[in-house]
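With PDB, C-alpha atoms and all ligand atoms inside, this is model.pdb:
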```pdb
ATOM      1  CA  MET O   1      87.043 -24.704 250.808
ATOM      2  CA  ILE O   2      85.046 -27.653 249.431
ATOM      3  CA  VAL O   3      85.963 -28.234 245.797
ATOM      4  CA  ASP O   4      84.921 -31.027 243.424
ATOM      5  CA  LEU O   5      86.308 -30.829 239.883
ATOM      6  CA  HIS O   6      85.337 -34.208 238.411
ATOM      7  CA  CYS O   7      81.904 -35.833 238.098
ATOM      8  CA  HIS O   8      79.358 -37.089 235.583
ATOM      9  CA  SER O   9      75.732 -36.560 234.565
ATOM     10  CA  THR O  10      73.249 -38.309 232.245
ATOM     11  CA  VAL O  11      74.987 -36.498 229.379
ATOM     12  CA  SER O  12      77.631 -39.259 229.663
ATOM     13  CA  ASP O  13      77.528 -42.166 232.131
ATOM     14  CA  GLY O  14      76.148 -40.547 235.284
ATOM     15  CA  VAL O  15      72.648 -41.263 236.587
ATOM     16  CA  LEU O  16      71.599 -37.706 237.565
ATOM     17  CA  THR O  17      70.844 -34.881 235.150
ATOM     18  CA  PRO O  18      73.272 -31.905 235.109
ATOM     19  CA  ASP O  19      70.946 -29.794 237.275
ATOM     20  CA  GLN O  20      70.413 -32.668 239.735
ATOM     21  CA  VAL O  21      74.191 -33.090 240.046
ATOM     22  CA  ALA O  22      74.512 -29.340 240.696
ATOM     23  CA  TYR O  23      71.839 -29.416 243.418
ATOM     24  CA  ARG O  24      73.429 -32.448 245.080
ATOM     25  CA  ALA O  25      76.902 -30.867 244.984
ATOM     26  CA  HIS O  26      75.498 -27.708 246.553
ATOM     27  CA  GLN O  27      73.629 -29.699 249.231
ATOM     28  CA  ASN O  28      76.882 -31.498 250.042
ATOM     29  CA  GLY O  29      78.550 -28.140 250.646
ATOM     30  CA  VAL O  30      80.547 -27.866 247.420
ATOM     31  CA  GLU O  31      81.649 -24.272 246.833
ATOM     32  CA  LEU O  32      83.498 -24.706 243.536
ATOM     33  CA  TRP O  33      82.252 -27.376 241.158
ATOM     34  CA  ALA O  34      83.067 -28.729 237.703
ATOM     35  CA  LEU O  35      80.924 -31.112 235.656
ATOM     36  CA  THR O  36      83.244 -33.255 233.498
ATOM     37  CA  ASP O  37      81.192 -35.562 231.301
ATOM     38  CA  HIS O  38      83.024 -37.996 229.035
ATOM     39  CA  ASP O  39      83.688 -36.616 225.531
ATOM     40  CA  GLU O  40      80.683 -34.271 225.697
ATOM     41  CA  VAL O  41      79.969 -30.690 226.772
ATOM     42  CA  GLY O  42      76.189 -30.795 226.208
ATOM     43  CA  GLY O  43      75.353 -30.609 229.921
ATOM     44  CA  LEU O  44      77.435 -27.574 230.786
ATOM     45  CA  ALA O  45      74.936 -24.807 230.002
ATOM     46  CA  LEU O  46      72.341 -26.296 232.381
ATOM     47  CA  ALA O  47      75.039 -27.097 234.945
ATOM     48  CA  GLU O  48      76.312 -23.520 234.849
ATOM     49  CA  GLU O  49      72.834 -22.005 235.082
ATOM     50  CA  THR O  50      71.925 -24.211 238.064
ATOM     51  CA  ALA O  51      75.217 -23.533 239.837
ATOM     52  CA  HIS O  52      74.641 -19.821 239.317
ATOM     53  CA  ASN O  53      71.092 -20.035 240.713
ATOM     54  CA  VAL O  54      72.223 -21.753 243.925
ATOM     55  CA  GLY O  55      75.274 -19.486 244.291
ATOM     56  CA  MET O  56      77.920 -22.174 243.755
ATOM     57  CA  GLY O  57      81.171 -21.478 241.911
ATOM     58  CA  PHE O  58      81.336 -23.250 238.555
ATOM     59  CA  VAL O  59      84.176 -24.376 236.290
ATOM     60  CA  PRO O  60      83.118 -25.821 232.897
ATOM     61  CA  GLY O  61      84.795 -29.184 232.321
ATOM     62  CA  VAL O  62      85.079 -32.262 230.139
ATOM     63  CA  GLU O  63      86.840 -35.646 230.430
ATOM     64  CA  ILE O  64      88.380 -36.648 227.110
ATOM     65  CA  SER O  65      89.155 -40.286 226.234
ATOM     66  CA  VAL O  66      92.741 -40.641 224.983
ATOM     67  CA  THR O  67      94.846 -43.579 223.831
ATOM     68  CA  PHE O  68      98.450 -43.417 225.032
ATOM     69  CA  LEU O  69     100.893 -46.325 224.602
ATOM     70  CA  GLY O  70      97.941 -48.505 223.616
ATOM     71  CA  LYS O  71      96.001 -47.861 226.813
ATOM     72  CA  THR O  72      93.115 -45.559 227.675
ATOM     73  CA  VAL O  73      94.028 -42.433 229.612
ATOM     74  CA  HIS O  74      91.515 -39.769 230.624
ATOM     75  CA  ILE O  75      92.381 -36.090 230.307
ATOM     76  CA  VAL O  76      90.150 -33.614 232.100
ATOM     77  CA  GLY O  77      89.821 -30.137 230.599
ATOM     78  CA  LEU O  78      88.873 -27.407 233.077
ATOM     79  CA  GLY O  79      87.865 -23.813 232.434
ATOM     80  CA  ILE O  80      86.900 -24.509 228.827
ATOM     81  CA  ASP O  81      84.631 -22.404 226.633
ATOM     82  CA  TYR O  82      82.009 -25.078 225.981
ATOM     83  CA  THR O  83      80.611 -23.172 222.980
ATOM     84  CA  HIS O  84      83.953 -23.406 221.156
ATOM     85  CA  PRO O  85      83.081 -24.916 217.721
ATOM     86  CA  GLU O  86      86.361 -26.827 217.217
ATOM     87  CA  LEU O  87      86.048 -28.439 220.636
ATOM     88  CA  ILE O  88      82.441 -29.458 219.968
ATOM     89  CA  ASP O  89      83.392 -30.964 216.573
ATOM     90  CA  ALA O  90      86.407 -32.755 218.011
ATOM     91  CA  LEU O  91      84.356 -34.342 220.782
ATOM     92  CA  ARG O  92      81.743 -35.498 218.277
ATOM     93  CA  TYR O  93      84.546 -37.208 216.390
ATOM     94  CA  VAL O  94      85.817 -38.886 219.595
ATOM     95  CA  ARG O  95      82.303 -40.178 220.332
ATOM     96  CA  SER O  96      81.754 -41.465 216.802
ATOM     97  CA  GLY O  97      83.286 -44.913 217.302
ATOM     98  CA  ARG O  98      81.229 -45.752 220.366
ATOM     99  CA  TRP O  99      78.238 -47.326 218.658
ATOM    100  CA  GLN O 100      80.287 -49.849 216.696
ATOM    101  CA  ARG O 101      82.323 -50.593 219.797
ATOM    102  CA  ALA O 102      79.133 -51.218 221.787
ATOM    103  CA  GLN O 103      78.077 -53.805 219.218
ATOM    104  CA  ARG O 104      81.467 -55.512 219.555
ATOM    105  CA  ILE O 105      81.205 -55.477 223.357
ATOM    106  CA  SER O 106      77.777 -57.048 223.029
ATOM    107  CA  ASP O 107      79.179 -59.773 220.747
ATOM    108  CA  ALA O 108      82.005 -60.462 223.195
ATOM    109  CA  LEU O 109      79.527 -60.716 226.073
ATOM    110  CA  ALA O 110      77.365 -63.083 224.018
ATOM    111  CA  GLY O 111      80.428 -65.325 223.732
ATOM    112  CA  MET O 112      80.561 -65.341 227.536
ATOM    113  CA  GLY O 113      76.929 -66.339 227.930
ATOM    114  CA  VAL O 114      75.362 -62.878 228.305
ATOM    115  CA  SER O 115      72.694 -62.574 225.631
ATOM    116  CA  GLN O 116      71.083 -59.381 224.349
ATOM    117  CA  ALA O 117      73.601 -57.155 226.128
ATOM    118  CA  LEU O 118      73.319 -54.268 223.670
ATOM    119  CA  GLU O 119      69.525 -54.288 223.942
ATOM    120  CA  GLY O 120      69.977 -54.386 227.712
ATOM    121  CA  ALA O 121      72.532 -51.569 227.897
ATOM    122  CA  VAL O 122      70.896 -49.086 225.526
ATOM    123  CA  PRO O 123      67.997 -48.159 227.865
ATOM    124  CA  TYR O 124      70.604 -47.104 230.449
ATOM    125  CA  ALA O 125      72.390 -44.853 227.943
ATOM    126  CA  THR O 126      70.708 -41.479 228.303
ATOM    127  CA  ASN O 127      72.842 -39.998 225.495
ATOM    128  CA  PRO O 128      72.548 -42.173 222.362
ATOM    129  CA  GLU O 129      76.001 -41.032 221.173
ATOM    130  CA  LEU O 130      77.546 -42.136 224.417
ATOM    131  CA  VAL O 131      76.970 -45.804 225.100
ATOM    132  CA  SER O 132      79.712 -46.644 227.595
ATOM    133  CA  ARG O 133      80.923 -49.661 229.514
ATOM    134  CA  THR O 134      79.160 -48.220 232.557
ATOM    135  CA  HIS O 135      75.795 -48.700 230.831
ATOM    136  CA  PHE O 136      76.621 -52.330 230.069
ATOM    137  CA  ALA O 137      77.727 -52.740 233.677
ATOM    138  CA  ARG O 138      74.430 -51.371 235.030
ATOM    139  CA  PHE O 139      72.537 -53.820 232.822
ATOM    140  CA  LEU O 140      74.674 -56.790 233.939
ATOM    141  CA  VAL O 141      74.012 -55.943 237.593
ATOM    142  CA  ALA O 142      70.277 -55.431 237.016
ATOM    143  CA  ALA O 143      70.059 -58.717 235.096
ATOM    144  CA  GLY O 144      71.753 -60.579 237.943
ATOM    145  CA  TYR O 145      75.032 -61.521 236.215
ATOM    146  CA  CYS O 146      77.021 -59.656 238.894
ATOM    147  CA  SER O 147      76.184 -58.035 242.188
ATOM    148  CA  THR O 148      78.251 -54.847 241.763
ATOM    149  CA  ILE O 149      79.520 -52.661 238.923
ATOM    150  CA  GLN O 150      83.044 -53.282 240.173
ATOM    151  CA  GLU O 151      82.499 -57.031 239.755
ATOM    152  CA  VAL O 152      81.337 -56.491 236.158
ATOM    153  CA  PHE O 153      84.616 -54.708 235.389
ATOM    154  CA  SER O 154      86.739 -57.463 236.949
ATOM    155  CA  LYS O 155      84.856 -60.339 235.313
ATOM    156  CA  TYR O 156      83.782 -58.908 231.963
ATOM    157  CA  LEU O 157      84.555 -55.337 230.909
ATOM    158  CA  GLY O 158      87.731 -54.100 232.595
ATOM    159  CA  ASP O 159      90.853 -53.398 230.515
ATOM    160  CA  GLN O 160      92.224 -56.865 231.376
ATOM    161  CA  ALA O 161      88.901 -58.719 231.239
ATOM    162  CA  PRO O 162      87.668 -61.034 228.439
ATOM    163  CA  ALA O 163      84.960 -58.783 226.956
ATOM    164  CA  PHE O 164      87.212 -55.722 226.747
ATOM    165  CA  VAL O 165      87.170 -54.191 223.253
ATOM    166  CA  PRO O 166      90.161 -51.940 222.530
ATOM    167  CA  MET O 167      89.496 -48.482 221.104
ATOM    168  CA  GLN O 168      91.522 -45.794 219.381
ATOM    169  CA  TRP O 169      90.490 -42.625 221.177
ATOM    170  CA  ALA O 170      92.071 -39.181 220.676
ATOM    171  CA  THR O 171      95.842 -38.737 220.950
ATOM    172  CA  LEU O 172      97.245 -37.010 224.031
ATOM    173  CA  SER O 173      98.421 -34.155 221.865
ATOM    174  CA  GLU O 174      94.973 -33.681 220.264
ATOM    175  CA  ALA O 175      93.146 -33.667 223.593
ATOM    176  CA  ILE O 176      95.494 -31.085 225.117
ATOM    177  CA  GLN O 177      95.268 -28.913 221.993
ATOM    178  CA  TRP O 178      91.465 -28.984 221.918
ATOM    179  CA  ILE O 179      91.322 -28.046 225.604
ATOM    180  CA  GLN O 180      93.838 -25.231 225.189
ATOM    181  CA  GLN O 181      92.170 -23.860 222.052
ATOM    182  CA  ALA O 182      88.961 -23.644 224.061
ATOM    183  CA  GLY O 183      90.793 -21.649 226.738
ATOM    184  CA  GLY O 184      91.050 -24.462 229.267
ATOM    185  CA  VAL O 185      93.755 -26.288 231.177
ATOM    186  CA  ALA O 186      94.507 -29.998 230.832
ATOM    187  CA  VAL O 187      94.633 -32.322 233.838
ATOM    188  CA  ILE O 188      95.612 -36.017 233.975
ATOM    189  CA  ALA O 189      92.621 -37.819 235.509
ATOM    190  CA  HIS O 190      93.062 -40.542 238.165
ATOM    191  CA  PRO O 191      96.671 -41.532 237.267
ATOM    192  CA  GLY O 192      96.575 -44.336 239.827
ATOM    193  CA  ARG O 193      94.165 -46.285 237.600
ATOM    194  CA  TYR O 194      96.524 -46.721 234.665
ATOM    195  CA  GLU O 195      98.398 -49.981 234.379
ATOM    196  CA  PHE O 196     101.683 -48.495 233.165
ATOM    197  CA  ASP O 197     105.155 -49.423 234.364
ATOM    198  CA  THR O 198     107.522 -46.770 235.731
ATOM    199  CA  LEU O 199     109.036 -45.920 232.345
ATOM    200  CA  GLN O 200     105.611 -45.590 230.744
ATOM    201  CA  PHE O 201     104.406 -43.323 233.550
ATOM    202  CA  ASP O 202     107.528 -41.171 233.146
ATOM    203  CA  LEU O 203     106.783 -40.900 229.429
ATOM    204  CA  LEU O 204     103.158 -39.963 230.116
ATOM    205  CA  PHE O 205     104.113 -37.224 232.582
ATOM    206  CA  ASP O 206     107.019 -35.892 230.471
ATOM    207  CA  THR O 207     104.962 -35.836 227.263
ATOM    208  CA  PHE O 208     101.991 -34.253 229.022
ATOM    209  CA  LYS O 209     104.233 -31.548 230.453
ATOM    210  CA  ASP O 210     105.974 -30.908 227.103
ATOM    211  CA  LEU O 211     102.573 -30.520 225.421
ATOM    212  CA  GLY O 212     101.536 -27.873 227.935
ATOM    213  CA  GLY O 213      99.534 -30.034 230.369
ATOM    214  CA  ALA O 214      99.021 -28.222 233.662
ATOM    215  CA  GLY O 215      97.520 -30.456 236.298
ATOM    216  CA  ILE O 216      97.116 -33.894 237.781
ATOM    217  CA  GLU O 217      94.397 -35.377 239.950
ATOM    218  CA  VAL O 218      95.842 -36.140 243.356
ATOM    219  CA  VAL O 219      92.726 -36.712 245.455
ATOM    220  CA  THR O 220      90.067 -38.630 243.505
ATOM    221  CA  GLY O 221      87.459 -41.278 244.200
ATOM    222  CA  SER O 222      89.619 -43.611 242.088
ATOM    223  CA  HIS O 223      92.660 -43.360 244.387
ATOM    224  CA  ALA O 224      93.384 -45.207 247.607
ATOM    225  CA  PRO O 225      94.710 -42.907 250.368
ATOM    226  CA  HIS O 226      98.353 -43.943 249.839
ATOM    227  CA  GLN O 227      97.997 -42.747 246.237
ATOM    228  CA  TYR O 228      97.102 -39.214 247.415
ATOM    229  CA  VAL O 229     100.634 -39.013 248.804
ATOM    230  CA  GLN O 230     102.197 -40.733 245.795
ATOM    231  CA  TYR O 231     100.633 -38.375 243.247
ATOM    232  CA  ALA O 232     101.235 -35.297 245.386
ATOM    233  CA  GLN O 233     104.923 -36.183 245.023
ATOM    234  CA  ILE O 234     104.524 -36.546 241.258
ATOM    235  CA  ALA O 235     102.785 -33.142 241.143
ATOM    236  CA  LYS O 236     105.722 -31.552 242.962
ATOM    237  CA  LYS O 237     108.318 -33.357 240.854
ATOM    238  CA  TYR O 238     106.786 -32.253 237.529
ATOM    239  CA  GLY O 239     105.454 -28.873 238.646
ATOM    240  CA  PHE O 240     101.843 -29.914 238.020
ATOM    241  CA  GLU O 241      98.993 -28.187 239.838
ATOM    242  CA  ALA O 242      96.936 -30.584 241.948
ATOM    243  CA  SER O 243      93.266 -31.291 241.305
ATOM    244  CA  VAL O 244      90.554 -33.018 243.332
ATOM    245  CA  GLY O 245      87.380 -34.727 242.181
ATOM    246  CA  SER O 246      84.987 -37.376 243.403
ATOM    247  CA  ASP O 247      84.383 -38.889 239.921
ATOM    248  CA  PHE O 248      80.797 -39.194 241.150
ATOM    249  CA  HIS O 249      78.512 -41.141 238.763
ATOM    250  CA  GLY O 250      75.466 -41.753 240.967
ATOM    251  CA  PRO O 251      74.286 -42.041 244.583
ATOM    252  CA  ALA O 252      74.616 -45.837 244.659
ATOM    253  CA  GLU O 253      77.958 -46.042 242.826
ATOM    254  CA  GLY O 254      81.571 -45.310 243.631
ATOM    255  CA  ARG O 255      83.410 -44.639 246.842
ATOM    256  CA  LEU O 256      82.939 -40.901 247.232
ATOM    257  CA  ASP O 257      79.907 -38.652 247.003
ATOM    258  CA  LEU O 258      80.145 -35.144 245.571
ATOM    259  CA  GLY O 259      82.401 -32.947 247.673
ATOM    260  CA  GLN O 260      83.227 -35.661 250.187
ATOM    261  CA  LEU O 261      86.940 -35.546 249.574
ATOM    262  CA  PRO O 262      89.869 -35.387 251.973
ATOM    263  CA  ALA O 263      92.190 -32.376 251.851
ATOM    264  CA  LEU O 264      95.130 -32.289 249.455
ATOM    265  CA  PRO O 265      98.459 -33.319 250.989
ATOM    266  CA  SER O 266     100.504 -30.264 251.945
ATOM    267  CA  GLY O 267     103.023 -28.651 249.631
ATOM    268  CA  VAL O 268     101.091 -28.949 246.363
ATOM    269  CA  LYS O 269      99.513 -26.064 244.471
ATOM    270  CA  PRO O 270      95.710 -26.406 244.163
ATOM    271  CA  ILE O 271      94.668 -25.942 240.536
ATOM    272  CA  TRP O 272      91.462 -24.146 241.589
ATOM    273  CA  GLN O 273      93.411 -21.082 242.667
ATOM    274  CA  ARG O 274      93.079 -20.194 238.981
ATOM    275  CA  TRP O 275      89.301 -19.695 239.379
ATOM    276  CA  LEU O 276      89.152 -17.905 242.707
ATOM    277  CA  SER O 277      88.582 -14.226 242.207
TER     278      SER O 277
HETATM  279  P1  LIG N 301      84.180 -46.269 228.484
HETATM  280  O1  LIG N 301      84.396 -44.788 228.274
HETATM  281  O2  LIG N 301      82.966 -46.772 227.757
HETATM  282  O3  LIG N 301      85.401 -47.091 228.237
HETATM  283  O4  LIG N 301      83.799 -46.466 230.005
HETATM  284  C1  LIG N 301      84.686 -46.006 230.983
HETATM  285  C2  LIG N 301      83.915 -45.818 232.269
HETATM  286  O5  LIG N 301      83.707 -47.072 232.895
HETATM  287  C3  LIG N 301      84.689 -45.004 233.288
HETATM  288  O6  LIG N 301      84.487 -43.643 233.087
HETATM  289  C4  LIG N 301      84.077 -45.457 234.572
HETATM  290  O7  LIG N 301      82.858 -44.767 234.775
HETATM  291  C5  LIG N 301      83.771 -46.898 234.307
HETATM  292  N1  LIG N 301      84.832 -47.797 234.802
HETATM  293  C6  LIG N 301      85.992 -48.119 234.202
HETATM  294  N2  LIG N 301      86.690 -49.014 234.933
HETATM  295  C7  LIG N 301      85.938 -49.252 236.035
HETATM  296  C8  LIG N 301      86.096 -50.077 237.196
HETATM  297  N3  LIG N 301      87.163 -50.860 237.346
HETATM  298  N4  LIG N 301      85.113 -50.055 238.106
HETATM  299  C9  LIG N 301      84.019 -49.295 237.954
HETATM  300  N5  LIG N 301      83.824 -48.484 236.898
HETATM  301  C10 LIG N 301      84.762 -48.473 235.951
HETATM  302 MN    MN N 302      82.569 -42.794 233.710
HETATM  303 MN    MN N 303      87.873 -41.379 234.000
HETATM  304 MN    MN N 304      85.262 -39.566 235.281
END
```

Target encoding structure tokens, full file:
Amino acid sequence: MIVDLHCHSTVSDGVLTPDQVAYRAHQNGVELWALTDHDEVGGLALAEETAHNVGMGFVPGVEISVTFLGKTVHIVGLGIDYTHPELIDALRYVRSGRWQRAQRISDALAGMGVSQALEGAVPYATNPELVSRTHFARFLVAAGYCSTIQEVFSKYLGDQAPAFVPMQWATLSEAIQWIQQAGGVAVIAHPGRYEFDTLQFDLLFDTFKDLGGAGIEVVTGSHAPHQYVQYAQIAKKYGFEASVGSDFHGPAEGRLDLGQLPALPSGVKPIWQRWLS
């Protein structure tokens, strides 16, 4: 079964609208699909309607920005009720610091010789409440400062790069609670991307489990193949269900297109068994 439980639309930092993402997923053979925009559920009604019209299974999702041990961690919520008022309010609160942060990113970039970065990034941000580093990165590539988005993150915007502006996002406990209150299950997104040491990873997994977290992404566009095996072992060790997702943002970006994911390593429990009837 072709499953893709992590991707983005213009409602956050993707380049296709929710219905375009649905059509592309369906064309790529996806049979069960989740749209997981950053800190925003505004695309899910259109995504669900389109998935329904093409006969593709749909799981409503979201990817919540969290700060844990001073670093950003992403928690995907799957199977949420996207009309849940507390969830909608909470996500609005998570998004609220983004505008001020964008101005600070722009100032930091100005100090590195990139002028007018905010003015450059804003036209790429299709949701005014969700100006993200991805939008700055698209501008820096278009303006010729870098040749790829990846290069922008290594030279300017990545967590270790000079124009990185730290943020206080939601706490891990808040994100899991909001997801659970809305009837969903919490999943640790792309664990292989976090620059934690072993003790910090243990604390993340233990805390997540204690708070009722259910799943972990094992196969994702953010993992190298050896990490599929590594995080399958973590899933087994902690009793987490395994998730898969391309983290697709647009046709010209990222390593994996929608649905073009290798199979899960054997011996893990696929989280999507929850939504198969
Ligand atoms: P933000 O929520 O504004 O901090 O932006 C985070 C987004 O930037 C992620 O969801 C990715 O889409 C993108 N991103 C982060 N790190 C990288 C990277 N190293 N290479 C490419 N994209 C990245
Ligand atoms: Mn993103
Ligand atoms: Mn993410
Ligand atoms: Mn993502």

- Nearby residues, ligand MN 304 (chain N), 9 Å, all atoms listed in the file, as a PyMOL selection string: chain O and resi 6-8+13+36-38+62-63+74+76+189-190+245-249

- Residue nearest Ala102 (chain O) among O:Tyr231, O:Phe136, O:Tyr124, O:Trp272 (counting all atoms listed in the file):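 Answer, going by the shortest atom-to-atom distance: O:Phe136.
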
- Result set, the PyMOL selection byres (((chain O and resi 159) around 12) and not hetatm) on current file, as a PyMOL selection string: chain O and resi 70-73+133+152-158+160-167+193-195

- Item | Selection near Phe68 (chain O), 12 Å with all atoms listed in the file, sequence-local residues under 6 positions removed, as a list in words | His74, Ile75, Met167, Gln168, Trp169, Ala170, Thr171, Leu172, Ser173, Glu174, Ala175, Ile188, Tyr194, Glu195, Phe196, Gln200, Phe201, Leu203, Leu204, Phe205, Thr207 and Phe208 of chain O

- Taking into account all atoms listed in the file, which residue in the set O:Leu87, O:Ile64, O:Val122, O:Ala34 is nearest to ligand LIG 301 (chain N)?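 Smallest separation from ligand LIG 301 (chain N) among the options: O:Ile64.
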
Using the chain letters and numbers from the file, which residues does the PyMOL selection byres (((chain O and resi 107) around 12) and not hetatm) grab, as a PDB file with C-alpha atoms, in the coordinates of the input?
```pdb
ATOM      1  CA  GLN O 100      80.287 -49.849 216.696  1.00  0.00           C
ATOM      2  CA  ARG O 101      82.323 -50.593 219.797  1.00  0.00           C
ATOM      3  CA  ALA O 102      79.133 -51.218 221.787  1.00  0.00           C
ATOM      4  CA  GLN O 103      78.077 -53.805 219.218  1.00  0.00           C
ATOM      5  CA  ARG O 104      81.467 -55.512 219.555  1.00  0.00           C
ATOM      6  CA  ILE O 105      81.205 -55.477 223.357  1.00  0.00           C
ATOM      7  CA  SER O 106      77.777 -57.048 223.029  1.00  0.00           C
ATOM      8  CA  ALA O 108      82.005 -60.462 223.195  1.00  0.00           C
ATOM      9  CA  LEU O 109      79.527 -60.716 226.073  1.00  0.00           C
ATOM     10  CA  ALA O 110      77.365 -63.083 224.018  1.00  0.00           C
ATOM     11  CA  GLY O 111      80.428 -65.325 223.732  1.00  0.00           C
ATOM     12  CA  MET O 112      80.561 -65.341 227.536  1.00  0.00           C
ATOM     13  CA  GLY O 113      76.929 -66.339 227.930  1.00  0.00           C
ATOM     14  CA  VAL O 114      75.362 -62.878 228.305  1.00  0.00           C
ATOM     15  CA  SER O 115      72.694 -62.574 225.631  1.00  0.00           C
ATOM     16  CA  GLN O 116      71.083 -59.381 224.349  1.00  0.00           C
ATOM     17  CA  ALA O 117      73.601 -57.155 226.128  1.00  0.00           C
ATOM     18  CA  LEU O 118      73.319 -54.268 223.670  1.00  0.00           C
ATOM     19  CA  GLU O 119      69.525 -54.288 223.942  1.00  0.00           C
ATOM     20  CA  PRO O 162      87.668 -61.034 228.439  1.00  0.00           C
ATOM     21  CA  ALA O 163      84.960 -58.783 226.956  1.00  0.00           C
ATOM     22  CA  PHE O 164      87.212 -55.722 226.747  1.00  0.00           C
ATOM     23  CA  VAL O 165      87.170 -54.191 223.253  1.00  0.00           C
TER      24      VAL O 165
END
```

- Task: I need the residue set behind the PyMOL selection byres (((chain O and resi 42) around 10) and not hetatm) for this file; please write it as a ChimeraX atom specification.
- Result: /O:11-12,18,37,39-41,43-47,62,82-83,88,127
